[in-house]
$ cat coords-v5.txt   # compact mmCIF, C-alpha atoms
# COMPACT_ATOMS: atom_id res chain seq x y z
CA MET N 1 0.96 -0.90 -2.64
CA SER N 2 4.30 -2.59 -2.03
CA GLU N 3 6.04 -2.59 1.32
CA PRO N 4 9.15 -0.39 1.70
CA TYR N 5 12.39 -2.26 1.21
CA ASP N 6 13.95 -3.29 4.53
CA SER N 7 17.73 -3.62 4.23
CA ARG N 8 18.38 -4.96 7.72
CA PHE N 9 18.40 -8.55 6.56
CA THR N 10 20.21 -8.29 3.26
CA LEU N 11 23.33 -10.31 2.91
CA PRO N 12 26.51 -8.69 1.67
CA SER N 13 27.55 -9.05 -1.89
CA ILE N 14 30.45 -11.45 -2.28
CA ASP N 15 32.19 -8.64 -4.16
CA ASP N 16 31.88 -6.12 -1.29
CA ASP N 17 35.05 -5.19 0.54
CA PRO N 18 35.11 -6.62 4.10
CA SER N 19 35.64 -3.10 5.43
CA THR N 20 32.24 -2.18 4.00
CA GLU N 21 30.59 -4.82 6.17
CA ALA N 22 32.58 -3.61 9.17
CA GLY N 23 31.29 -0.13 8.37
CA VAL N 24 27.69 -1.33 8.35
CA ILE N 25 28.28 -2.71 11.85
CA LEU N 26 29.97 0.51 13.01
CA MET N 27 27.05 2.60 11.80
CA GLY N 28 24.83 0.68 14.20
CA LEU N 29 26.79 1.83 17.25
CA ASP N 30 25.67 4.73 19.40
CA ALA N 31 27.49 8.08 19.29
CA GLU N 32 29.35 7.45 22.55
CA ARG N 33 30.86 4.21 21.28
CA LEU N 34 31.70 5.75 17.91
CA LEU N 35 33.55 8.62 19.56
CA ALA N 36 35.42 6.22 21.87
CA GLY N 37 36.42 4.33 18.72
CA VAL N 38 37.70 7.55 17.14
CA GLY N 39 39.74 8.20 20.28
CA LEU N 40 41.24 4.72 20.36
CA ALA N 41 41.83 4.65 16.60
CA ARG N 42 43.82 7.88 16.90
CA ILE N 43 46.33 5.98 19.01
CA ALA N 44 46.19 2.68 17.16
CA ASP N 45 46.71 4.23 13.71
CA GLU N 46 49.91 6.02 14.64
CA PRO N 47 52.84 3.97 16.00
CA ALA N 48 54.49 7.00 17.61
CA LEU N 49 51.29 7.81 19.53
CA VAL N 50 51.02 4.19 20.64
CA ALA N 51 54.59 4.31 21.97
CA LEU N 52 53.94 7.62 23.73
CA ALA N 53 50.68 6.38 25.26
CA VAL N 54 52.31 3.14 26.46
CA ASP N 55 55.18 5.10 28.02
CA GLN N 56 52.79 7.49 29.76
CA ALA N 57 50.63 4.59 30.96
CA ARG N 58 53.76 2.86 32.28
CA HIS N 59 54.52 5.95 34.35
CA GLU N 60 50.88 6.12 35.49
CA ALA N 61 50.37 9.43 33.69
CA LEU N 62 47.69 8.06 31.38
CA ALA N 63 44.66 5.92 32.08
CA LEU N 64 42.85 4.78 28.96
CA ASP N 65 39.38 4.42 30.37
CA THR N 66 36.24 4.83 28.31
CA ASP N 67 35.70 8.43 29.36
CA ALA N 68 39.24 9.33 28.28
CA LEU N 69 38.73 7.63 24.92
CA ILE N 70 35.43 9.46 24.40
CA GLU N 71 37.07 12.79 25.26
CA ALA N 72 39.88 12.05 22.81
CA GLY N 73 37.33 11.08 20.17
CA ILE N 74 35.37 14.30 20.68
CA THR N 75 38.57 16.33 20.36
CA ARG N 76 39.53 14.53 17.15
CA TRP N 77 35.99 14.74 15.72
CA ARG N 78 35.86 18.49 16.30
CA ALA N 79 39.21 18.88 14.53
CA VAL N 80 38.38 16.87 11.40
CA ARG N 81 34.64 17.45 10.99
CA PRO N 82 35.06 20.81 9.20
CA LEU N 83 37.48 19.19 6.73
CA ILE N 84 35.02 16.44 5.88
CA ALA N 85 32.11 18.88 5.70
CA ALA N 86 33.96 21.06 3.18
CA VAL N 87 33.66 18.39 0.47
CA PRO N 88 30.40 18.41 -1.50
CA GLU N 89 28.27 15.41 -0.62
CA VAL N 90 27.24 12.79 -3.14
CA THR N 91 24.00 11.16 -2.02
CA VAL N 92 23.04 7.62 -2.89
CA ALA N 93 19.67 7.29 -1.23
CA GLY N 94 18.92 3.82 0.01
CA ALA N 95 22.26 2.28 -0.94
CA LEU N 96 23.90 1.94 2.46
CA ARG N 97 26.98 0.05 1.29
CA LYS N 98 27.58 2.45 -1.60
CA GLU N 99 27.18 5.38 0.76
CA TRP N 100 29.75 3.77 3.07
CA GLU N 101 32.24 3.40 0.22
CA GLN N 102 31.75 7.02 -0.87
CA THR N 103 32.07 8.30 2.68
CA THR N 104 35.29 6.40 3.38
CA ALA N 105 36.71 7.78 0.13
CA ARG N 106 35.64 11.27 1.23
CA VAL N 107 37.35 10.87 4.63
CA ILE N 108 40.54 9.55 3.02
CA ALA N 109 40.58 12.44 0.54
CA THR N 110 40.11 15.15 3.18
CA VAL N 111 42.02 14.00 6.27
CA THR N 112 45.62 13.01 5.67
CA GLY N 113 47.60 10.37 7.51
CA LEU N 114 44.74 8.17 8.66
CA GLY N 115 45.01 4.46 9.24
CA PRO N 116 42.14 2.07 8.52
CA ALA N 117 40.62 2.26 12.01
CA SER N 118 40.42 6.05 11.95
CA VAL N 119 38.97 6.03 8.43
CA ALA N 120 36.25 3.59 9.48
CA CYS N 121 35.39 5.34 12.74
CA LEU N 122 35.35 8.81 11.19
CA ALA N 123 33.26 7.61 8.25
CA ALA N 124 30.74 6.08 10.66
CA CYS N 125 30.72 9.33 12.66
CA TRP N 126 30.11 11.32 9.48
CA LEU N 127 27.20 9.11 8.46
CA ARG N 128 25.79 9.43 12.00
CA ARG N 129 26.91 13.06 12.41
CA ASP N 130 23.63 14.36 13.85
CA ASP N 131 23.85 11.95 16.80
CA VAL N 132 27.62 12.33 17.11
CA ASP N 133 27.47 16.14 17.05
CA ARG N 134 24.69 16.15 19.64
CA PHE N 135 26.68 13.84 21.93
CA ALA N 136 29.92 15.78 21.40
CA GLU N 137 28.12 19.00 22.31
CA HIS N 138 25.97 17.82 25.22
CA GLY N 139 26.96 14.29 26.23
CA ARG N 140 30.33 14.96 27.78
CA PRO N 141 31.15 18.62 28.09
CA PRO N 142 34.90 19.30 28.40
CA GLU N 143 36.16 19.59 31.94
CA LYS N 144 38.64 22.42 32.41
CA GLY N 145 41.85 21.50 34.21
CA SER N 146 41.27 17.76 34.24
CA VAL N 147 44.53 15.84 34.64
CA SER N 148 43.52 13.11 32.20
CA ARG N 149 42.53 15.74 29.61
CA ASP N 150 45.90 17.44 29.99
CA VAL N 151 47.72 14.16 29.35
CA LEU N 152 45.39 13.22 26.51
CA SER N 153 45.81 16.58 24.85
CA ARG N 154 49.55 15.88 24.61
CA VAL N 155 49.03 12.33 23.32
CA PHE N 156 46.32 13.23 20.82
CA ALA N 157 47.72 16.55 19.62
CA ASP N 158 47.47 16.92 15.86
$ encode --input "coords-v5.txt" --output "structure tokens"
Amino acid sequence: MSEPYDSRFTLPSIDDDPSTEAGVILMGLDAERLLAGVGLARIADEPALVALAVDQARHEALALDTDALIEAGITRWRAVRPLIAAVPEVTVAGALRKEWEQTTARVIATVTGLGPASVACLAACWLRRDDVDRFAEHGRPPEKGSVSRDVLSRVFAD
């Protein structure tokens, strides 16, 4: 009986898009880091949000610590997850890079106005959605009345 194929050590195809290889790396991150990436990407993808965040940080109204980024990522994930889930899934069992390409296309088709960082982080979250959902639900419950959350809600408002 042959051993199951182990894809951990396969090299990328020279024809693969570099973003696919970045996606393979992202999928290896834990849910907390993925959600922090979603939070940071939300700022970095939108120049107006970057300007607003910099201005608020300058006036000491915004601290971009990891917890704040995770909270922003959870907020964004909860907003876009139903949109991504509404699209029927095409499964390519065992073809990680193909699944990445299909998932990024799915994210782009369902969530408008995303830059490349948000697409990558949200695609990785979708592919790891069980872990991400569990962390979003239980890892960092929202804190009512938190000053940083109030500032972040203005910066990250859809």
$ atom_distance --input "coords-v5.txt" --atom1 "CA of Phe135 in chain N" --atom2 "CA of Ala57 in chain N"
27.2 Å
$ residues_near_point --input "coords-v5.txt" --point "(29.3, 9.6, 7.5)" --cutoff "9 Å" --atoms "all atoms listed in the file" --output "list in words"
Met27, Glu99, Trp100, Thr103, Thr104, Val107, Leu122, Ala123, Ala124, Cys125, Trp126, Leu127, Arg128 and Arg129 of chain N
$ atom_distance --input "coords-v5.txt" --atom1 "CA of Ala61 in chain N" --atom2 "CA of Gly113 in chain N"
26.3 Å
$ closest_residue --input "coords-v5.txt" --among "N:Ala120, N:Ala136, N:Ile84, N:Ala109" --to "Val24 in chain N" --atoms "all atoms listed in the file"
N:Ala120
$ closest_residue --input "coords-v5.txt" --among "N:Gly28, N:Leu35, N:Thr20, N:Leu52" --to "Arg78 in chain N" --atoms "only C-alpha atoms"
N:Leu35
$ closest_residue --input "coords-v5.txt" --among "N:Asp131, N:Asp65, N:Glu101, N:Asp55" --to "Leu40 in chain N" --atoms "all atoms listed in the file"
N:Asp65
$ residues_around --input "coords-v5.txt" --residues "Ala41 in chain N" --least-positions-apart "6" --cutoff "10 Å" --atoms "only C-alpha atoms" --output "MDAnalysis selection string"
chainID N and resid 35 69 72:73 114:122
$ write_last_selection --input "coords-v5.txt" --atoms "C-alpha atoms" --output "compact mmCIF listing (two decimals), keeping the file's coordinate frame"
# COMPACT_ATOMS: atom_id res chain seq x y z
CA LEU N 35 33.55 8.62 19.56
CA LEU N 69 38.73 7.63 24.92
CA ALA N 72 39.88 12.05 22.81
CA GLY N 73 37.33 11.08 20.17
CA LEU N 114 44.74 8.17 8.66
CA GLY N 115 45.01 4.46 9.24
CA PRO N 116 42.14 2.07 8.52
CA ALA N 117 40.62 2.26 12.01
CA SER N 118 40.42 6.05 11.95
CA VAL N 119 38.97 6.03 8.43
CA ALA N 120 36.25 3.59 9.48
CA CYS N 121 35.39 5.34 12.74
CA LEU N 122 35.35 8.81 11.19
$ closest_residue --input "coords-v5.txt" --among "N:Gln56, N:Ala51, N:Ser19, N:Asp45" --to "Thr112 in chain N" --atoms "all atoms listed in the file"
N:Asp45
$ atom_distance --input "coords-v5.txt" --atom1 "CA of Arg81 in chain N" --atom2 "CA of Val54 in chain N"
27.5 Å
$ closest_residue --input "coords-v5.txt" --among "N:Ala95, N:Ile108, N:Ala63, N:Leu26" --to "Val38 in chain N" --atoms "all atoms listed in the file"
N:Leu26
$ axis_aligned_box --input "coords-v5.txt" --around "range 110-124 of chain N" --padding-each-side "3 Å" --output "AutoDock Vina command-line options"
--center_x 39.2 --center_y 8.6 --center_z 8.0 --size_x 22.9 --size_y 19.1 --size_z 15.6
$ closest_residue --input "coords-v5.txt" --among "N:Ala68, N:Val90, N:Leu83, N:Ala48" --to "Thr110 in chain N" --atoms "all atoms listed in the file"
N:Leu83
